[in-house]
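The structure under discussion appears below in the form of structure tokens.
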Amino acid sequence: MKGEATKQLHSKYLMNTYSRYPIVFVRGEGAYVWDAEGKKYLDFLGGIAVNLLGHCHPSVVEAITSQAKELLHVSNLYYTEPAAKLAELLSLNGGLDKIFFCNSGAEANEGAIKLARKFQWRRGHREKYKIISMTHSFHGRTLGALSATAKPQIQEGFGPLPSGFHTMGFNEIERLDEAIDESTAAFLIEPIQGEGGVHCAGKGFLEALRAACDRSGALLIFDEVQCGMGRCGTLFAYESFGVRPDIITLAKGMGGGLPIGAICATDAVANAFQPGDHGTTFGANPVAAAAALATLRVLIEENYSERVARMGGYLISKFHALQQKYPDVIREVRGMGLMIGIELRVDGASLVAKCHEKGLLVNVVAGSVLRLLPPYIITKEEVDRAVSIIEEAIKRVKNKRGL
Ligand SMILES: *Cc1c(COP(=O)(O)O)cnc(C)c1O
């Protein structure tokens, strides 16, 4: 079988950190990817919220190739144009005042934690160091981001983890006063939790967090690594909730498929970083920045946020209908825009395998939540097709269980 050699090389030479699905991908275009055997899949996972504009969007590919012919890398000791233009476009479209570019979501959160602590420190609040994150959160795999990720299974064996990290119940407004104190430097929260199972923050909860931060001098950090860049129907997730954070972190879809991340902050907060305080060799690498600039331009110029909101509404209504039809399989449908979670009463893994068989890519998070992160270019017909494949998979899982 084609692709077998790739699988064997992988298992022999790559560290065993992922239990991969048995598919080798070789090509992508729009909402579709093809495996080594030529089988075509409708991609409703989008490389985990990365391929916002689908695979190999022409504007993104053009930006990458023309930049690659000019300049690949010089380091942050010099000025480069793609970084400057990208920062301007982000800032003018809701990305607060100043940007720091990095390479991944974990790195963005790591930097945001450092920025929050340095901000407090520079203001003379040396007592404010605690970072409070939420239950079911996911902020990344580096030691700091991992400490803010309240998931004992993925922390196990890596201790001692950095101290000064605490967790509070997601959406538990009544616990807020208990969680915050004079040592709180910042709250770190995903407005819509992704890996934790697609849980949306309540508007009231975010408003209460904002008010608590304003009272105490703590900062509010939104991790929009997954839910940002138009995913939930506004360019930045905070705009959907009407609550403005002090710091936003971005990554995943930002580069339209290339690795790039960002920390966006208000001027007052950003000023806490002075030369030498933070850095990263590849941050805003010209090729990655050119890809991100092209992606962001397309998102804004073609008004994709509006399309995401509309398509998301359609998708979610389809799943509500499926839930009515199969209440013994679907427990709950959650999400915003094109970030949707379907909480199952059945084994998620076998449902995913059946979708793969039928040519649909989806995955499961938090054990039992089918997560959909389709590209913003999907059409109604593609939504219908995905829903019918999932319905087919549900029927087969039901038959097997004799439901
Ligand atoms: C994926 C993710 C991260 C980590 O991003 P990496 O690029 O994998 O380091 C952090 N926060 C959220 C909300 C994510 O979804």
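Scheme for the structure tokens: letters A, B, ... for chains in order shown; per-chain residue numbers from 1; ligand numbers from 1 in order shown.
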**Request:** Compute the set of protein, DNA and RNA residues whose minimum atom distance to ligand 1 is at most 8 Å, using only C-alpha atoms and all ligand atoms, and state it as a PyMOL selection string.
**Result:** chain A and resi 48+103-109+137-142+145+190+193-195+223-227+251-252+259+261
Selected residues written out, N, CA, C and O atoms, as a short mmCIF file (atom, residue, chain, number, x, y, z; two decimals), in the first residue's frame:
data_model
loop_
_atom_site.label_atom_id
_atom_site.label_comp_id
_atom_site.auth_asym_id
_atom_site.auth_seq_id
_atom_site.Cartn_x
_atom_site.Cartn_y
_atom_site.Cartn_z
N ILE A 48 -6.56 21.17 12.77
CA ILE A 48 -6.89 21.73 14.09
C ILE A 48 -6.95 23.27 14.02
O ILE A 48 -6.10 23.97 14.58
N ASN A 103 6.04 31.80 17.47
CA ASN A 103 5.91 30.70 16.50
C ASN A 103 4.81 29.69 16.80
O ASN A 103 4.57 28.80 15.99
N SER A 104 4.20 29.79 17.96
CA SER A 104 3.19 28.79 18.31
C SER A 104 2.29 29.32 19.41
O SER A 104 2.59 30.37 20.01
N GLY A 105 1.24 28.57 19.66
CA GLY A 105 0.30 28.96 20.70
C GLY A 105 0.92 28.89 22.09
O GLY A 105 0.74 29.80 22.91
N ALA A 106 1.64 27.82 22.36
CA ALA A 106 2.27 27.68 23.67
C ALA A 106 3.24 28.83 23.90
O ALA A 106 3.30 29.43 24.98
N GLU A 107 3.98 29.17 22.86
CA GLU A 107 4.97 30.24 23.00
C GLU A 107 4.29 31.59 23.22
O GLU A 107 4.79 32.43 23.98
N ALA A 108 3.15 31.79 22.57
CA ALA A 108 2.40 33.03 22.76
C ALA A 108 1.91 33.13 24.21
O ALA A 108 2.04 34.17 24.86
N ASN A 109 1.38 32.03 24.74
CA ASN A 109 0.89 32.05 26.12
C ASN A 109 2.02 32.20 27.12
O ASN A 109 1.90 32.91 28.11
N SER A 137 -9.17 23.99 30.80
CA SER A 137 -8.44 24.86 29.89
C SER A 137 -7.36 24.08 29.15
O SER A 137 -6.96 22.98 29.55
N PHE A 138 -6.91 24.66 28.05
CA PHE A 138 -5.71 24.15 27.39
C PHE A 138 -4.91 25.34 26.87
O PHE A 138 -5.44 26.15 26.10
N HIS A 139 -3.67 25.46 27.31
CA HIS A 139 -2.85 26.60 26.89
C HIS A 139 -1.54 26.21 26.25
O HIS A 139 -0.76 27.07 25.88
N GLY A 140 -1.26 24.91 26.16
CA GLY A 140 -0.04 24.50 25.47
C GLY A 140 0.83 23.60 26.33
O GLY A 140 0.52 23.32 27.48
N ARG A 141 1.95 23.16 25.74
CA ARG A 141 2.75 22.07 26.33
C ARG A 141 4.06 22.49 26.96
O ARG A 141 4.77 21.64 27.50
N THR A 142 4.45 23.76 26.81
CA THR A 142 5.68 24.19 27.47
C THR A 142 5.42 24.30 28.97
O THR A 142 4.26 24.35 29.39
N ALA A 145 2.96 27.23 30.13
CA ALA A 145 1.62 27.03 29.56
C ALA A 145 0.99 25.75 30.11
O ALA A 145 -0.22 25.70 30.37
N GLU A 190 -9.64 30.99 27.79
CA GLU A 190 -10.09 30.84 26.42
C GLU A 190 -11.58 31.26 26.39
O GLU A 190 -12.39 30.61 27.05
N GLN A 193 -13.45 27.41 24.97
CA GLN A 193 -12.45 26.37 25.20
C GLN A 193 -12.50 25.38 24.06
O GLN A 193 -13.57 24.91 23.67
N GLY A 194 -11.33 25.05 23.52
CA GLY A 194 -11.28 24.12 22.40
C GLY A 194 -11.02 22.70 22.85
O GLY A 194 -11.93 21.86 22.86
N GLU A 195 -9.78 22.44 23.25
CA GLU A 195 -9.38 21.07 23.61
C GLU A 195 -10.22 20.53 24.78
O GLU A 195 -10.42 19.33 24.90
N ASP A 223 -6.86 33.78 25.64
CA ASP A 223 -6.16 32.85 24.76
C ASP A 223 -7.09 32.58 23.58
O ASP A 223 -8.05 31.81 23.68
N GLU A 224 -6.82 33.28 22.48
CA GLU A 224 -7.63 33.11 21.26
C GLU A 224 -6.87 32.30 20.22
O GLU A 224 -7.08 32.44 19.01
N VAL A 225 -5.99 31.44 20.69
CA VAL A 225 -5.18 30.62 19.78
C VAL A 225 -6.08 29.78 18.87
O VAL A 225 -5.82 29.65 17.68
N GLN A 226 -7.16 29.26 19.44
CA GLN A 226 -8.07 28.43 18.64
C GLN A 226 -9.32 29.19 18.19
O GLN A 226 -9.77 29.04 17.07
N CYS A 227 -9.87 30.03 19.08
CA CYS A 227 -11.16 30.65 18.78
C CYS A 227 -11.03 32.01 18.09
O CYS A 227 -12.03 32.58 17.68
N ALA A 251 -2.43 32.09 17.43
CA ALA A 251 -1.51 31.20 16.71
C ALA A 251 -2.36 30.41 15.72
O ALA A 251 -3.04 31.01 14.90
N LYS A 252 -2.34 29.09 15.82
CA LYS A 252 -3.09 28.19 14.93
C LYS A 252 -3.39 28.77 13.54
O LYS A 252 -2.55 28.70 12.66
N PRO A 259 3.54 28.14 10.56
CA PRO A 259 3.59 28.38 12.01
C PRO A 259 3.94 29.83 12.35
O PRO A 259 5.01 30.32 12.01
N GLY A 261 2.68 32.79 15.68
CA GLY A 261 1.79 33.15 16.78
C GLY A 261 2.02 34.59 17.15
O GLY A 261 2.93 35.24 16.63
#
**Prompt:** Quick one: residues within 12 Å of Arg385 in chain A, only C-alpha atoms counted, chain neighbours fewer than 2 positions away excluded, as number ranges by chain?
**Reply:** A: 41-44, 315, 318, 355, 358-360, 378-383, 387-392
Now that the selection is made, can you save its residues with N, CA, C and O atoms as a PDB file, in the first residue's frame?
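So the final result, stored in part_24.pdb, reads:
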ATOM      1  N   TYR A  41     -10.847  13.366   1.063  1.00  0.00           N
ATOM      2  CA  TYR A  41     -11.553  13.616   2.321  1.00  0.00           C
ATOM      3  C   TYR A  41     -12.042  15.057   2.369  1.00  0.00           C
ATOM      4  O   TYR A  41     -11.312  15.980   1.992  1.00  0.00           O
ATOM      5  N   LEU A  42     -13.231  15.248   2.881  1.00  0.00           N
ATOM      6  CA  LEU A  42     -13.739  16.582   3.196  1.00  0.00           C
ATOM      7  C   LEU A  42     -13.181  16.926   4.577  1.00  0.00           C
ATOM      8  O   LEU A  42     -13.372  16.180   5.540  1.00  0.00           O
ATOM      9  N   ASP A  43     -12.473  18.044   4.664  1.00  0.00           N
ATOM     10  CA  ASP A  43     -11.717  18.325   5.889  1.00  0.00           C
ATOM     11  C   ASP A  43     -12.474  19.245   6.840  1.00  0.00           C
ATOM     12  O   ASP A  43     -12.488  20.459   6.676  1.00  0.00           O
ATOM     13  N   PHE A  44     -13.097  18.650   7.850  1.00  0.00           N
ATOM     14  CA  PHE A  44     -13.821  19.438   8.852  1.00  0.00           C
ATOM     15  C   PHE A  44     -13.013  19.584  10.144  1.00  0.00           C
ATOM     16  O   PHE A  44     -13.555  19.882  11.194  1.00  0.00           O
ATOM     17  N   LEU A 315     -24.805  25.270  10.301  1.00  0.00           N
ATOM     18  CA  LEU A 315     -24.241  23.997  10.766  1.00  0.00           C
ATOM     19  C   LEU A 315     -24.848  23.587  12.109  1.00  0.00           C
ATOM     20  O   LEU A 315     -25.251  22.439  12.310  1.00  0.00           O
ATOM     21  N   LYS A 318     -28.371  22.336  11.841  1.00  0.00           N
ATOM     22  CA  LYS A 318     -28.392  20.961  11.333  1.00  0.00           C
ATOM     23  C   LYS A 318     -28.131  19.964  12.466  1.00  0.00           C
ATOM     24  O   LYS A 318     -28.736  18.894  12.523  1.00  0.00           O
ATOM     25  N   CYS A 355     -16.458   8.075  10.202  1.00  0.00           N
ATOM     26  CA  CYS A 355     -16.406   9.293   9.362  1.00  0.00           C
ATOM     27  C   CYS A 355     -15.209   9.232   8.420  1.00  0.00           C
ATOM     28  O   CYS A 355     -15.319   9.576   7.243  1.00  0.00           O
ATOM     29  N   LYS A 358     -15.837   7.117   5.500  1.00  0.00           N
ATOM     30  CA  LYS A 358     -16.732   7.762   4.530  1.00  0.00           C
ATOM     31  C   LYS A 358     -16.124   9.026   3.928  1.00  0.00           C
ATOM     32  O   LYS A 358     -16.805   9.759   3.193  1.00  0.00           O
ATOM     33  N   GLY A 359     -14.870   9.335   4.309  1.00  0.00           N
ATOM     34  CA  GLY A 359     -14.217  10.485   3.685  1.00  0.00           C
ATOM     35  C   GLY A 359     -14.493  11.825   4.344  1.00  0.00           C
ATOM     36  O   GLY A 359     -14.553  12.859   3.665  1.00  0.00           O
ATOM     37  N   LEU A 360     -14.641  11.825   5.669  1.00  0.00           N
ATOM     38  CA  LEU A 360     -14.816  13.090   6.397  1.00  0.00           C
ATOM     39  C   LEU A 360     -13.830  13.142   7.555  1.00  0.00           C
ATOM     40  O   LEU A 360     -13.760  12.217   8.364  1.00  0.00           O
ATOM     41  N   ILE A 378     -16.133  26.740   3.353  1.00  0.00           N
ATOM     42  CA  ILE A 378     -17.086  25.656   3.074  1.00  0.00           C
ATOM     43  C   ILE A 378     -18.426  26.202   2.584  1.00  0.00           C
ATOM     44  O   ILE A 378     -18.858  27.278   2.980  1.00  0.00           O
ATOM     45  N   THR A 379     -19.057  25.397   1.763  1.00  0.00           N
ATOM     46  CA  THR A 379     -20.352  25.766   1.199  1.00  0.00           C
ATOM     47  C   THR A 379     -21.450  25.003   1.948  1.00  0.00           C
ATOM     48  O   THR A 379     -21.170  24.052   2.683  1.00  0.00           O
ATOM     49  N   LYS A 380     -22.688  25.439   1.715  1.00  0.00           N
ATOM     50  CA  LYS A 380     -23.843  24.763   2.313  1.00  0.00           C
ATOM     51  C   LYS A 380     -23.879  23.288   1.905  1.00  0.00           C
ATOM     52  O   LYS A 380     -24.189  22.420   2.721  1.00  0.00           O
ATOM     53  N   GLU A 381     -23.535  23.027   0.648  1.00  0.00           N
ATOM     54  CA  GLU A 381     -23.570  21.646   0.145  1.00  0.00           C
ATOM     55  C   GLU A 381     -22.554  20.800   0.909  1.00  0.00           C
ATOM     56  O   GLU A 381     -22.816  19.633   1.232  1.00  0.00           O
ATOM     57  N   GLU A 382     -21.378  21.384   1.198  1.00  0.00           N
ATOM     58  CA  GLU A 382     -20.362  20.630   1.936  1.00  0.00           C
ATOM     59  C   GLU A 382     -20.799  20.398   3.378  1.00  0.00           C
ATOM     60  O   GLU A 382     -20.557  19.327   3.950  1.00  0.00           O
ATOM     61  N   VAL A 383     -21.472  21.379   3.951  1.00  0.00           N
ATOM     62  CA  VAL A 383     -22.029  21.189   5.298  1.00  0.00           C
ATOM     63  C   VAL A 383     -23.037  20.043   5.271  1.00  0.00           C
ATOM     64  O   VAL A 383     -22.992  19.128   6.106  1.00  0.00           O
ATOM     65  N   VAL A 387     -22.797  16.581   7.395  1.00  0.00           N
ATOM     66  CA  VAL A 387     -23.853  16.187   8.329  1.00  0.00           C
ATOM     67  C   VAL A 387     -24.408  14.812   7.953  1.00  0.00           C
ATOM     68  O   VAL A 387     -24.653  13.970   8.827  1.00  0.00           O
ATOM     69  N   SER A 388     -24.553  14.555   6.657  1.00  0.00           N
ATOM     70  CA  SER A 388     -25.120  13.251   6.283  1.00  0.00           C
ATOM     71  C   SER A 388     -24.115  12.127   6.556  1.00  0.00           C
ATOM     72  O   SER A 388     -24.519  11.020   6.935  1.00  0.00           O
ATOM     73  N   ILE A 389     -22.820  12.401   6.405  1.00  0.00           N
ATOM     74  CA  ILE A 389     -21.825  11.370   6.757  1.00  0.00           C
ATOM     75  C   ILE A 389     -21.868  11.096   8.264  1.00  0.00           C
ATOM     76  O   ILE A 389     -21.839   9.941   8.710  1.00  0.00           O
ATOM     77  N   ILE A 390     -21.980  12.153   9.042  1.00  0.00           N
ATOM     78  CA  ILE A 390     -22.031  11.960  10.500  1.00  0.00           C
ATOM     79  C   ILE A 390     -23.300  11.197  10.890  1.00  0.00           C
ATOM     80  O   ILE A 390     -23.272  10.311  11.742  1.00  0.00           O
ATOM     81  N   GLU A 391     -24.409  11.518  10.219  1.00  0.00           N
ATOM     82  CA  GLU A 391     -25.658  10.792  10.510  1.00  0.00           C
ATOM     83  C   GLU A 391     -25.503   9.301  10.181  1.00  0.00           C
ATOM     84  O   GLU A 391     -25.914   8.433  10.962  1.00  0.00           O
ATOM     85  N   GLU A 392     -24.871   9.048   9.034  1.00  0.00           N
ATOM     86  CA  GLU A 392     -24.607   7.658   8.634  1.00  0.00           C
ATOM     87  C   GLU A 392     -23.777   6.951   9.708  1.00  0.00           C
ATOM     88  O   GLU A 392     -24.082   5.820  10.104  1.00  0.00           O
TER      89      GLU A 392
END
**Request:** Excluding Ala185 in chain A and any residue of its chain fewer than 4 positions from it, enumerate the residues within 8 Å of it, using only C-alpha atoms, and give them as a ChimeraX atom specification.
**Result:** /A:116-117,120,128-131,217-219
**Item:** Among the residues A:Thr249, A:Ser350, A:Thr281, A:Ser240, the one that comes closest to Leu90 in chain A [using only C-alpha atoms]
**Value:**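 That would be A:Thr249, the residue with the smallest distance to Leu90 in chain A.
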**Asked** So which residues of range 195-240 of chain A fall under strand (DSSP E) by DSSP, listed as number ranges by chain?
**Response** A: 199-200, 219-223
Just the residues within 6 Å of Pro245 in chain A, please, counting only C-alpha atoms, with nothing from its chain fewer than 2 positions along; format it as a PDB file with N, CA and C atoms, in the first residue's frame.
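Written output follows (part-v5.pdb):
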ATOM      1  N   LEU A 220      -6.324  40.852  32.236  1.00  0.00           N
ATOM      2  CA  LEU A 220      -7.184  39.835  31.630  1.00  0.00           C
ATOM      3  C   LEU A 220      -6.551  39.396  30.313  1.00  0.00           C
ATOM      4  N   ILE A 221      -6.173  38.116  30.254  1.00  0.00           N
ATOM      5  CA  ILE A 221      -5.554  37.559  29.045  1.00  0.00           C
ATOM      6  C   ILE A 221      -6.543  36.611  28.379  1.00  0.00           C
ATOM      7  N   ILE A 247      -4.578  41.527  27.085  1.00  0.00           N
ATOM      8  CA  ILE A 247      -3.639  40.761  26.263  1.00  0.00           C
ATOM      9  C   ILE A 247      -4.427  39.688  25.505  1.00  0.00           C
TER      10      ILE A 247
END
**Message:** With only C-alpha atoms as the counted atoms, please give the residues lying no more than 12 Å from Ala68 in chain A, apart from itself and same-chain residues fewer than 3 positions off, as a PyMOL selection string.
**Reply:** chain A and resi 61-65+71-73+82+285-291
Write the residues of the selection above to a file with N, CA and C atoms, as a PDB file, in the first residue's frame.
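The result, written out as again-v9.pdb:
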ATOM      1  N   VAL A  61      -0.533  30.977  -0.790  1.00  0.00           N
ATOM      2  CA  VAL A  61       0.571  30.315  -1.503  1.00  0.00           C
ATOM      3  C   VAL A  61       1.387  31.345  -2.294  1.00  0.00           C
ATOM      4  N   GLU A  62       0.695  32.275  -2.918  1.00  0.00           N
ATOM      5  CA  GLU A  62       1.376  33.318  -3.690  1.00  0.00           C
ATOM      6  C   GLU A  62       2.251  34.185  -2.758  1.00  0.00           C
ATOM      7  N   ALA A  63       1.722  34.549  -1.611  1.00  0.00           N
ATOM      8  CA  ALA A  63       2.493  35.375  -0.664  1.00  0.00           C
ATOM      9  C   ALA A  63       3.735  34.621  -0.184  1.00  0.00           C
ATOM     10  N   ILE A  64       3.571  33.323   0.099  1.00  0.00           N
ATOM     11  CA  ILE A  64       4.695  32.518   0.577  1.00  0.00           C
ATOM     12  C   ILE A  64       5.760  32.394  -0.511  1.00  0.00           C
ATOM     13  N   THR A  65       5.333  32.065  -1.725  1.00  0.00           N
ATOM     14  CA  THR A  65       6.333  31.819  -2.770  1.00  0.00           C
ATOM     15  C   THR A  65       7.046  33.101  -3.165  1.00  0.00           C
ATOM     16  N   LEU A  71      13.428  36.931   0.515  1.00  0.00           N
ATOM     17  CA  LEU A  71      14.144  36.916   1.791  1.00  0.00           C
ATOM     18  C   LEU A  71      13.468  35.907   2.719  1.00  0.00           C
ATOM     19  N   LEU A  72      14.243  34.928   3.195  1.00  0.00           N
ATOM     20  CA  LEU A  72      13.663  33.925   4.083  1.00  0.00           C
ATOM     21  C   LEU A  72      13.771  34.330   5.548  1.00  0.00           C
ATOM     22  N   HIS A  73      14.936  34.832   5.920  1.00  0.00           N
ATOM     23  CA  HIS A  73      15.143  35.073   7.352  1.00  0.00           C
ATOM     24  C   HIS A  73      16.323  36.008   7.591  1.00  0.00           C
ATOM     25  N   PRO A  82       7.229  42.509   6.152  1.00  0.00           N
ATOM     26  CA  PRO A  82       6.014  41.724   6.434  1.00  0.00           C
ATOM     27  C   PRO A  82       5.573  41.826   7.895  1.00  0.00           C
ATOM     28  N   ASN A 285       9.230  35.727  11.240  1.00  0.00           N
ATOM     29  CA  ASN A 285      10.020  35.307  10.084  1.00  0.00           C
ATOM     30  C   ASN A 285       9.311  35.798   8.820  1.00  0.00           C
ATOM     31  N   PRO A 286      10.019  36.408   7.876  1.00  0.00           N
ATOM     32  CA  PRO A 286       9.342  37.053   6.740  1.00  0.00           C
ATOM     33  C   PRO A 286       8.359  36.142   5.986  1.00  0.00           C
ATOM     34  N   VAL A 287       8.683  34.882   5.826  1.00  0.00           N
ATOM     35  CA  VAL A 287       7.781  34.004   5.084  1.00  0.00           C
ATOM     36  C   VAL A 287       6.503  33.732   5.891  1.00  0.00           C
ATOM     37  N   ALA A 288       6.681  33.426   7.170  1.00  0.00           N
ATOM     38  CA  ALA A 288       5.511  33.182   8.017  1.00  0.00           C
ATOM     39  C   ALA A 288       4.667  34.447   8.122  1.00  0.00           C
ATOM     40  N   ALA A 289       5.322  35.583   8.264  1.00  0.00           N
ATOM     41  CA  ALA A 289       4.586  36.849   8.389  1.00  0.00           C
ATOM     42  C   ALA A 289       3.863  37.187   7.089  1.00  0.00           C
ATOM     43  N   ALA A 290       4.500  36.910   5.950  1.00  0.00           N
ATOM     44  CA  ALA A 290       3.837  37.166   4.657  1.00  0.00           C
ATOM     45  C   ALA A 290       2.601  36.284   4.512  1.00  0.00           C
ATOM     46  N   ALA A 291       2.714  35.028   4.956  1.00  0.00           N
ATOM     47  CA  ALA A 291       1.560  34.118   4.905  1.00  0.00           C
ATOM     48  C   ALA A 291       0.438  34.638   5.799  1.00  0.00           C
TER      49      ALA A 291
END
**Message:** I'd like the neighbourhood of Ala268 in chain A as a ChimeraX atom specification, where a residue qualifies if any of its atoms comes within 12 Å (using only C-alpha atoms), though same-chain residues fewer than 2 positions away should be ignored.
**Reply:** /A:96-98,115-116,118-120,122-123,219,246-247,264-266,270-273
**Message:** Neighbouring residues of Ile23 in chain A were defined as those with any atom within 9 Å, considering only C-alpha atoms; residues of the same chain fewer than 4 positions away were excluded. Please report them as a VMD selection string.
**Reply:** chain A and resid 3 7 35 to 36
Export all heavy atoms of the chosen residues as an mmCIF file, in the first residue's frame?
data_model
loop_
_atom_site.group_PDB
_atom_site.id
_atom_site.type_symbol
_atom_site.label_atom_id
_atom_site.label_comp_id
_atom_site.auth_asym_id
_atom_site.auth_seq_id
_atom_site.Cartn_x
_atom_site.Cartn_y
_atom_site.Cartn_z
ATOM 1 N N GLY A 3 2.105 4.796 0.997
ATOM 2 C CA GLY A 3 2.050 5.452 2.303
ATOM 3 C C GLY A 3 2.541 4.557 3.428
ATOM 4 O O GLY A 3 2.839 5.040 4.523
ATOM 5 N N LYS A 7 4.583 5.534 7.012
ATOM 6 C CA LYS A 7 4.162 5.145 8.365
ATOM 7 C C LYS A 7 5.289 4.447 9.104
ATOM 8 O O LYS A 7 5.531 4.693 10.282
ATOM 9 C CB LYS A 7 2.942 4.219 8.304
ATOM 10 C CG LYS A 7 1.643 4.958 8.068
ATOM 11 C CD LYS A 7 0.477 4.002 8.177
ATOM 12 C CE LYS A 7 -0.542 4.283 7.100
ATOM 13 N NZ LYS A 7 -1.502 3.202 6.914
ATOM 14 N N ASP A 35 -5.281 11.372 0.448
ATOM 15 C CA ASP A 35 -4.266 10.531 1.076
ATOM 16 C C ASP A 35 -3.394 9.867 0.004
ATOM 17 O O ASP A 35 -3.612 10.058 -1.206
ATOM 18 C CB ASP A 35 -4.894 9.519 2.053
ATOM 19 C CG ASP A 35 -5.672 8.403 1.378
ATOM 20 O OD1 ASP A 35 -5.578 8.255 0.136
ATOM 21 O OD2 ASP A 35 -6.378 7.670 2.095
ATOM 22 N N ALA A 36 -2.412 9.084 0.476
ATOM 23 C CA ALA A 36 -1.412 8.516 -0.441
ATOM 24 C C ALA A 36 -2.044 7.571 -1.457
ATOM 25 O O ALA A 36 -1.482 7.322 -2.519
ATOM 26 C CB ALA A 36 -0.333 7.804 0.358
#
**Item:** Pick from A:Ile154, A:Val364, A:Val346, A:Ile377, whichever lies nearest to Glu306 in chain A using only C-alpha atoms
**Value:**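 Closest to Glu306 in chain A, using only C-alpha atoms: A:Ile377.
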